[in-house]
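Notes follow the structure.
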Amino acid sequence: MMRMAFLSLHSSPVGKAGSKDTGGMSTYLRGLSGALGEMGHEVDLFTRVTGPDEAEVKTLSPGVRLVSVDDGAGPLSKNELYPHLPAMVDAIKKFCRTENISFDLIFSNYWLSGCVGRELSKSWQVPHLVMFHTLGRAKNEACREESEPGLRLAEEEKLACSSDQIIVAAPLEKERIINYYSLRKDNVKVIPCGVDRQLFHPLSRPAAKEETGLTGNKVILAIGRIEPVKGYELLIRAAVLLPAEDKVKVVIVGGDVKSEIQVAHLKELAADLGISNRIIFSGLVEHQKLPLYYNAADVTVIPSYYESFGLVALESLACGTPLVAGSTGIFPELLKPYTKKTAELLTKKKSPGILLENRISSAWAEAIRICYIHHSTPLDPSVINDILATYNWRTAALSFIRLIQELHTK
């Protein structure tokens with residue numbers, strides 16, 4: 001059995017999903033580490049202290065600890081962290097010396113953690129694995145409103161070329177990284193994410209609509225951080241094209257005080273288009289309550305310019321709610337096999353949704369309407385099970401362990 005150091009320094013793995021710097025990465029870390037712990041491995045999830053009352057060590061599940069280390073810099077935004085990374089290296093080393101612990105590997109999540117993991121790997125002489133979760137270059141290329149700094153782009157390239165292994169969650173991301181940095185295919189390993197089927201599962205749709213206050217409406221759901229790359233303008237422009245008699249409500253879940261400017265921009269767009277009454281910004285919703293929203297929805301829409309994976313898709317399908325999504329992240333793998341007979345299959349609850357290769361609002365409106373017209377009840381359970389069979393955290397953990405074993409035998 002192995003002991004592993006997982007680094008998530010800019011965002012706590014127990015932070016609220018949908019806030020500015022917290023999203024699918026936190027769900028990923030909890031799911032993967034939990035599965036590894038169940039298999040008998042030990043995982044320490046390292047993050048920064050962000051408040052005075054945080055315990056330094058907290059057990060999250062069997063074999064999994066959250067370790068909050070103090071670099072002495074106090075509360076900082078993600079964009080302020082880089083100059084303080086050497087202090088974080090020292091703080092982690094000090095903690096490990098005090099605890100008299102060592103690790104078999106370091107798994108860094110996001111580029112800031114990667115910079116710390118690189119130094120720890122040199123010092124401890126253990127393999128360094130990196131998962132970027134998103135790439136700054138990809139965000140900038142996909143969405144003109146994004147402006148990730150050159151420092152991030154340079155560090156991501158250094159990490160891609162120096163780490164022992166890069167992990168991605170979707171084949172498209174593997175292709176992107178190999179092309180960006182001229183890497184060998186065996187330098188990049190695809191390990192898909194999982195979904196908690198005990199939490200995310202079909203419920204009574206009318207009951208879910210009632211509990212969320214959405215009774216009597218066709219519900220179009222979007223979940224995630226509120227930032228330009230998520231492409232919510234496309235969803236709003238598509239919503240204006242839907243017939244008023246359909247009684248549509250677009251529910252956007254996510255965002256916090258750091259997202260106020262972007263939310264204001266989206267509200268202004270909705271007002272200009274005359275559909276403010278159709279758009280609901282629900283703000284942050286606790287992870288445990290998300291299944292209610294998925295089950296209240298007639299369709300989940302993911303209009304992102306770029307996703308490295310897209311956990312929302314798995315969560316939605318696990319609840320029996322179909323998708324409309326663009327050709328990014330894991331969505332082609334989930335939806336492309338069904339595209340030729342989508343409308344026919346949707347009427348039989350046999351298709352998981354519609355994949356779109358464009359960003360034309362009328363095409364998205366048509367796809368959304370096809371889904372909610374043919375979807376008064378959840379998808380066929382056999383379809384859900386077939387699609388999600390390989391997307392579970394135990395499978396991801398087994399792939400992760402096999403990868404580590406291969407690295408140790410090289």
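We label chains A, B, ... in the order they appear in the structure tokens, count residues from 1 in each chain, and number ligands from 1 in the order shown.
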
Checklist entry - Residues at most 12 Å from Gly51 in chain A, counting only C-alpha atoms, excluding those fewer than 2 positions away in the same chain, as number ranges by chain? => result A: 12, 47-49, 53-56, 68-70, 72-76

Produce a file of the selected residues containing N, CA and C atoms, as a CSV table (one decimal), in the first residue's frame.
```csv
chain,number,residue,atom,x,y,z
A,12,SER,N,-9.4,24.7,-1.8
A,12,SER,CA,-9.6,23.6,-0.8
A,12,SER,C,-10.5,22.5,-1.5
A,47,THR,N,-3.6,21.7,1.3
A,47,THR,CA,-4.1,22.9,0.8
A,47,THR,C,-3.6,24.0,1.8
A,48,ARG,N,-4.0,25.3,1.4
A,48,ARG,CA,-3.5,26.4,2.3
A,48,ARG,C,-4.5,26.7,3.4
A,49,VAL,N,-4.1,27.2,4.5
A,49,VAL,CA,-4.9,27.7,5.5
A,49,VAL,C,-5.6,29.0,5.0
A,53,ASP,N,-9.6,29.6,12.1
A,53,ASP,CA,-10.1,28.5,12.9
A,53,ASP,C,-10.0,27.2,12.2
A,54,GLU,N,-9.2,27.1,11.1
A,54,GLU,CA,-9.1,25.9,10.4
A,54,GLU,C,-8.1,24.9,11.1
A,55,ALA,N,-8.6,23.7,11.3
A,55,ALA,CA,-7.7,22.7,11.9
A,55,ALA,C,-6.6,22.3,10.9
A,56,GLU,N,-5.4,22.1,11.4
A,56,GLU,CA,-4.3,21.7,10.4
A,56,GLU,C,-4.5,20.4,9.8
A,68,SER,N,-4.1,21.3,6.1
A,68,SER,CA,-4.1,22.8,5.8
A,68,SER,C,-2.8,23.4,6.4
A,69,VAL,N,-1.9,23.8,5.5
A,69,VAL,CA,-0.6,24.3,6.0
A,69,VAL,C,-0.6,25.8,5.8
A,70,ASP,N,0.1,26.4,6.8
A,70,ASP,CA,0.1,27.9,6.8
A,70,ASP,C,1.5,28.4,6.3
A,72,GLY,N,2.1,31.6,6.1
A,72,GLY,CA,2.3,32.9,6.8
A,72,GLY,C,1.8,34.1,6.0
A,73,ALA,N,1.2,33.9,4.8
A,73,ALA,CA,0.9,35.0,3.9
A,73,ALA,C,-0.6,35.4,4.1
A,74,GLY,N,-1.4,34.7,4.9
A,74,GLY,CA,-2.8,35.0,5.1
A,74,GLY,C,-3.6,34.8,3.9
A,75,PRO,N,-4.9,35.2,3.9
A,75,PRO,CA,-5.8,35.0,2.8
A,75,PRO,C,-5.3,35.6,1.5
A,76,LEU,N,-5.3,34.9,0.4
A,76,LEU,CA,-4.8,35.4,-0.8
A,76,LEU,C,-5.7,34.8,-1.9
```

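Using only C-alpha atoms, the protein and nucleic acid residues lying no more than 7 Å from Pro291 in chain A, apart from those fewer than 3 places from it along its own chain, are Phe200, Tyr294, Asn295 and Cys319 of chain A.
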
Item to check | strand (DSSP E) call set, DSSP backbone run, range 202-372 of chain A, as a list in words | outcome: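 Matching residues for strand (DSSP E) in range 202-372 of chain A are Lys218, Val219, Ile220, Leu221, Ala222, Ile223, Val248, Lys249, Val250, Val251, Ile252, Val253, Ile279, Ile280, Phe281, Ser282, Gly283, Val299, Thr300, Val301, Ile302, Leu323, Val324, Ala325, Gly326, Gly353, Ile354, Leu355 and Leu356 of chain A.
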
Checklist entry - Quick one: residues within 8 Å of range 206-220 of chain A, only C-alpha atoms counted, chain neighbours fewer than 5 positions away excluded, as a VMD selection string? => result chain A and resid 246 to 251 292 to 293 295 to 301 368 372

Residues from last step as file, N, CA and C atoms, as a short mmCIF file (atom, residue, chain, number, x, y, z; two decimals), in the first residue's frame:
```cif
data_model
loop_
_atom_site.label_atom_id
_atom_site.label_comp_id
_atom_site.auth_asym_id
_atom_site.auth_seq_id
_atom_site.Cartn_x
_atom_site.Cartn_y
_atom_site.Cartn_z
N ASP A 246 -43.97 27.71 -23.92
CA ASP A 246 -43.27 26.58 -23.30
C ASP A 246 -43.00 26.82 -21.81
N LYS A 247 -43.14 28.06 -21.37
CA LYS A 247 -42.93 28.41 -19.95
C LYS A 247 -41.56 27.95 -19.47
N VAL A 248 -40.55 28.44 -20.14
CA VAL A 248 -39.17 28.05 -19.85
C VAL A 248 -38.57 28.89 -18.74
N LYS A 249 -37.83 28.24 -17.86
CA LYS A 249 -37.00 28.91 -16.88
C LYS A 249 -35.56 28.40 -17.05
N VAL A 250 -34.63 29.31 -17.22
CA VAL A 250 -33.21 28.96 -17.27
C VAL A 250 -32.64 29.17 -15.87
N VAL A 251 -32.16 28.10 -15.25
CA VAL A 251 -31.63 28.17 -13.90
C VAL A 251 -30.12 27.98 -13.96
N LEU A 292 -31.23 17.54 -6.54
CA LEU A 292 -32.57 18.12 -6.65
C LEU A 292 -32.70 18.97 -7.91
N TYR A 293 -31.67 19.75 -8.19
CA TYR A 293 -31.71 20.63 -9.36
C TYR A 293 -31.62 19.83 -10.65
N ASN A 295 -32.64 16.85 -11.08
CA ASN A 295 -33.90 16.14 -11.25
C ASN A 295 -35.07 17.06 -11.56
N ALA A 296 -34.97 18.31 -11.16
CA ALA A 296 -36.00 19.28 -11.51
C ALA A 296 -35.87 19.73 -12.96
N ALA A 297 -34.70 19.53 -13.54
CA ALA A 297 -34.43 20.01 -14.90
C ALA A 297 -34.97 19.07 -15.96
N ASP A 298 -35.42 19.64 -17.05
CA ASP A 298 -35.83 18.86 -18.22
C ASP A 298 -34.64 18.64 -19.15
N VAL A 299 -33.65 19.51 -19.04
CA VAL A 299 -32.42 19.37 -19.82
C VAL A 299 -31.32 20.16 -19.13
N THR A 300 -30.10 19.62 -19.16
CA THR A 300 -28.93 20.34 -18.67
C THR A 300 -28.13 20.82 -19.88
N VAL A 301 -27.77 22.09 -19.87
CA VAL A 301 -27.06 22.68 -21.01
C VAL A 301 -25.65 23.08 -20.56
N ILE A 368 -32.17 22.28 -27.48
CA ILE A 368 -32.75 22.35 -26.13
C ILE A 368 -34.23 22.00 -26.16
N TYR A 372 -36.32 18.94 -24.16
CA TYR A 372 -37.36 19.06 -23.13
C TYR A 372 -38.75 18.66 -23.61
#
```

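Distance check against Leu284 in chain A using only C-alpha atoms: of A:Leu335, A:Ile223, A:Gly231, A:Pro303, the minimum falls on A:Ile223.
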
Item to check | helix (DSSP H, G or I) residues, from DSSP on the backbone, in range 173-286 of chain A, as a VMD selection string | outcome: chain A and resid 173 to 181 185 to 187 205 to 211 228 to 230 232 to 239 244 to 246 257 to 272 276 to 278

Checklist entry - Could you name the residues that touch Leu159 in chain A at 8 Å or less, counting only C-alpha atoms, but leaving out those on the same chain fewer than 3 positions away, as a PyMOL selection string? => result chain A and resi 111+114-115+118+130+155-156+162-163

With N, CA and C atoms kept, could you save the residues just selected as a PDB file, in the first residue's frame?
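So result_10.pdb came out as:
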```
ATOM      1  N   TRP A 111      -1.729  24.322 -12.002  1.00  0.00           N
ATOM      2  CA  TRP A 111      -0.331  24.695 -12.250  1.00  0.00           C
ATOM      3  C   TRP A 111       0.360  25.251 -11.012  1.00  0.00           C
ATOM      4  N   GLY A 114       1.459  22.493  -9.094  1.00  0.00           N
ATOM      5  CA  GLY A 114       2.527  21.844  -9.837  1.00  0.00           C
ATOM      6  C   GLY A 114       3.891  22.463  -9.564  1.00  0.00           C
ATOM      7  N   CYS A 115       3.935  23.797  -9.421  1.00  0.00           N
ATOM      8  CA  CYS A 115       5.202  24.469  -9.127  1.00  0.00           C
ATOM      9  C   CYS A 115       5.744  24.037  -7.767  1.00  0.00           C
ATOM     10  N   ARG A 118       6.820  20.233  -7.980  1.00  0.00           N
ATOM     11  CA  ARG A 118       8.095  20.076  -8.684  1.00  0.00           C
ATOM     12  C   ARG A 118       9.272  20.190  -7.712  1.00  0.00           C
ATOM     13  N   VAL A 130       1.155  15.357 -12.539  1.00  0.00           N
ATOM     14  CA  VAL A 130       0.467  16.642 -12.650  1.00  0.00           C
ATOM     15  C   VAL A 130      -0.842  16.470 -13.405  1.00  0.00           C
ATOM     16  N   GLU A 155       4.760  28.415 -17.059  1.00  0.00           N
ATOM     17  CA  GLU A 155       4.920  27.388 -16.033  1.00  0.00           C
ATOM     18  C   GLU A 155       4.226  26.090 -16.437  1.00  0.00           C
ATOM     19  N   GLU A 156       3.082  26.183 -17.096  1.00  0.00           N
ATOM     20  CA  GLU A 156       2.401  24.965 -17.544  1.00  0.00           C
ATOM     21  C   GLU A 156       3.260  24.219 -18.567  1.00  0.00           C
ATOM     22  N   SER A 162       8.523  18.513 -17.724  1.00  0.00           N
ATOM     23  CA  SER A 162       9.423  18.038 -16.668  1.00  0.00           C
ATOM     24  C   SER A 162       8.806  17.026 -15.717  1.00  0.00           C
ATOM     25  N   SER A 163       7.483  16.960 -15.636  1.00  0.00           N
ATOM     26  CA  SER A 163       6.853  16.039 -14.681  1.00  0.00           C
ATOM     27  C   SER A 163       7.012  14.595 -15.149  1.00  0.00           C
TER      28      SER A 163
END
```

Item to check | Residues within 8 Å of range 311-315 of chain A, only C-alpha atoms, excluding chain neighbours under 2 positions, as a list in words | outcome: Gly24, Cys193, Gly194, Val195, Asp196, Phe200, Ile223, Gly224, Pro291, Tyr294, Thr300, Ile302, Phe309, Leu317, Ala318, Cys319, Leu323, Phe331, Leu388 and Tyr391 of chain A

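Nearest to Val126 in chain A of all the residues A:Ile330, A:Val285, A:Val64, A:Met4 is A:Met4, counting only C-alpha atoms.
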
Next on the checklist: Give me the residues near Ala244 in chain A as a list in words, where near means some atom within 10 Å (using only C-alpha atoms) and where sequence neighbours in that chain fewer than 5 positions away do not count.
Outcome noted: Ala239, Ile275 and Arg278 of chain A

Next on the checklist: Just want the 10 Å neighbourhood of range 97-107 of chain A, counted on only C-alpha atoms, with same-chain residues fewer than 5 positions away dropped. Output as a PyMOL selection string.
Outcome noted: chain A and resi 1-8+42-45+91-92+113-114+116-118+120-121+124-131+165-167+404+407-408

Could those selected residues go to a file with N, CA and C atoms, as a CSV table (one decimal), in the first residue's frame?
```csv
chain,number,residue,atom,x,y,z
A,1,MET,N,0.8,-1.2,0.0
A,1,MET,CA,0.0,0.0,0.0
A,1,MET,C,0.9,1.3,0.0
A,2,MET,N,0.4,2.3,-0.6
A,2,MET,CA,1.2,3.5,-0.8
A,2,MET,C,0.6,4.7,0.0
A,3,ARG,N,1.5,5.6,0.3
A,3,ARG,CA,1.2,6.9,0.9
A,3,ARG,C,1.4,8.0,-0.1
A,4,MET,N,0.4,8.9,-0.3
A,4,MET,CA,0.4,9.8,-1.4
A,4,MET,C,0.2,11.2,-0.9
A,5,ALA,N,0.9,12.2,-1.5
A,5,ALA,CA,0.6,13.6,-1.3
A,5,ALA,C,-0.1,14.2,-2.4
A,6,PHE,N,-1.3,14.6,-2.2
A,6,PHE,CA,-2.1,15.3,-3.3
A,6,PHE,C,-2.0,16.8,-2.9
A,7,LEU,N,-1.7,17.6,-3.9
A,7,LEU,CA,-1.6,19.1,-3.7
A,7,LEU,C,-2.7,19.8,-4.4
A,8,SER,N,-3.5,20.6,-3.6
A,8,SER,CA,-4.5,21.5,-4.1
A,8,SER,C,-4.5,22.8,-3.4
A,42,GLU,N,-3.1,5.5,1.7
A,42,GLU,CA,-3.2,6.7,2.5
A,42,GLU,C,-2.9,7.9,1.6
A,43,VAL,N,-3.8,8.9,1.8
A,43,VAL,CA,-3.7,10.1,1.0
A,43,VAL,C,-3.8,11.4,1.9
A,44,ASP,N,-2.8,12.2,1.8
A,44,ASP,CA,-2.9,13.5,2.5
A,44,ASP,C,-3.1,14.6,1.4
A,45,LEU,N,-4.3,15.3,1.5
A,45,LEU,CA,-4.6,16.4,0.6
A,45,LEU,C,-4.1,17.7,1.2
A,91,ALA,N,6.6,25.1,4.2
A,91,ALA,CA,5.6,24.8,5.2
A,91,ALA,C,5.2,23.3,5.1
A,92,ILE,N,5.1,22.8,3.9
A,92,ILE,CA,4.8,21.3,3.7
A,92,ILE,C,6.0,20.5,4.2
A,113,SER,N,-0.1,24.4,-7.9
A,113,SER,CA,0.3,23.2,-7.1
A,113,SER,C,1.5,22.5,-7.8
A,114,GLY,N,1.5,22.5,-9.1
A,114,GLY,CA,2.5,21.8,-9.8
A,114,GLY,C,3.9,22.5,-9.6
A,116,VAL,N,4.8,23.9,-6.8
A,116,VAL,CA,5.3,23.4,-5.5
A,116,VAL,C,5.7,21.9,-5.5
A,117,GLY,N,4.9,21.1,-6.2
A,117,GLY,CA,5.1,19.7,-6.3
A,117,GLY,C,6.5,19.4,-7.0
A,118,ARG,N,6.8,20.2,-8.0
A,118,ARG,CA,8.1,20.1,-8.7
A,118,ARG,C,9.3,20.2,-7.7
A,120,LEU,N,9.1,19.8,-4.3
A,120,LEU,CA,9.1,18.7,-3.4
A,120,LEU,C,9.6,17.4,-4.0
A,121,SER,N,9.3,17.2,-5.2
A,121,SER,CA,9.7,16.0,-5.9
A,121,SER,C,11.2,15.9,-6.0
A,124,TRP,N,12.4,15.2,-2.3
A,124,TRP,CA,12.1,13.9,-1.8
A,124,TRP,C,12.5,12.8,-2.7
A,125,GLN,N,12.8,13.1,-3.9
A,125,GLN,CA,13.2,12.0,-4.9
A,125,GLN,C,12.0,11.0,-5.1
A,126,VAL,N,10.9,11.5,-5.4
A,126,VAL,CA,9.7,10.7,-5.6
A,126,VAL,C,9.0,11.2,-6.9
A,127,PRO,N,8.3,10.3,-7.6
A,127,PRO,CA,7.6,10.7,-8.9
A,127,PRO,C,6.7,11.9,-8.6
A,128,HIS,N,6.6,12.7,-9.7
A,128,HIS,CA,5.7,13.9,-9.6
A,128,HIS,C,4.7,13.8,-10.8
A,129,LEU,N,3.4,13.6,-10.4
A,129,LEU,CA,2.3,13.6,-11.4
A,129,LEU,C,1.6,14.9,-11.4
A,130,VAL,N,1.2,15.4,-12.5
A,130,VAL,CA,0.5,16.6,-12.6
A,130,VAL,C,-0.8,16.5,-13.4
A,131,MET,N,-1.9,17.1,-12.9
A,131,MET,CA,-3.1,17.3,-13.6
A,131,MET,C,-3.5,18.7,-13.6
A,165,GLN,N,4.7,12.3,-15.1
A,165,GLN,CA,3.5,11.9,-15.8
A,165,GLN,C,2.4,13.0,-15.7
A,166,ILE,N,1.7,13.2,-16.9
A,166,ILE,CA,0.6,14.1,-16.9
A,166,ILE,C,-0.7,13.3,-16.9
A,167,ILE,N,-1.6,13.6,-16.1
A,167,ILE,CA,-2.9,12.9,-16.1
A,167,ILE,C,-4.0,13.9,-16.7
A,404,ILE,N,1.0,4.4,-11.3
A,404,ILE,CA,2.1,4.5,-10.3
A,404,ILE,C,3.0,3.3,-10.3
A,407,LEU,N,5.3,3.6,-13.1
A,407,LEU,CA,6.4,4.6,-12.9
A,407,LEU,C,7.5,4.0,-12.0
A,408,HIS,N,7.1,3.3,-11.0
A,408,HIS,CA,8.1,2.8,-10.1
A,408,HIS,C,8.9,1.6,-10.7
```
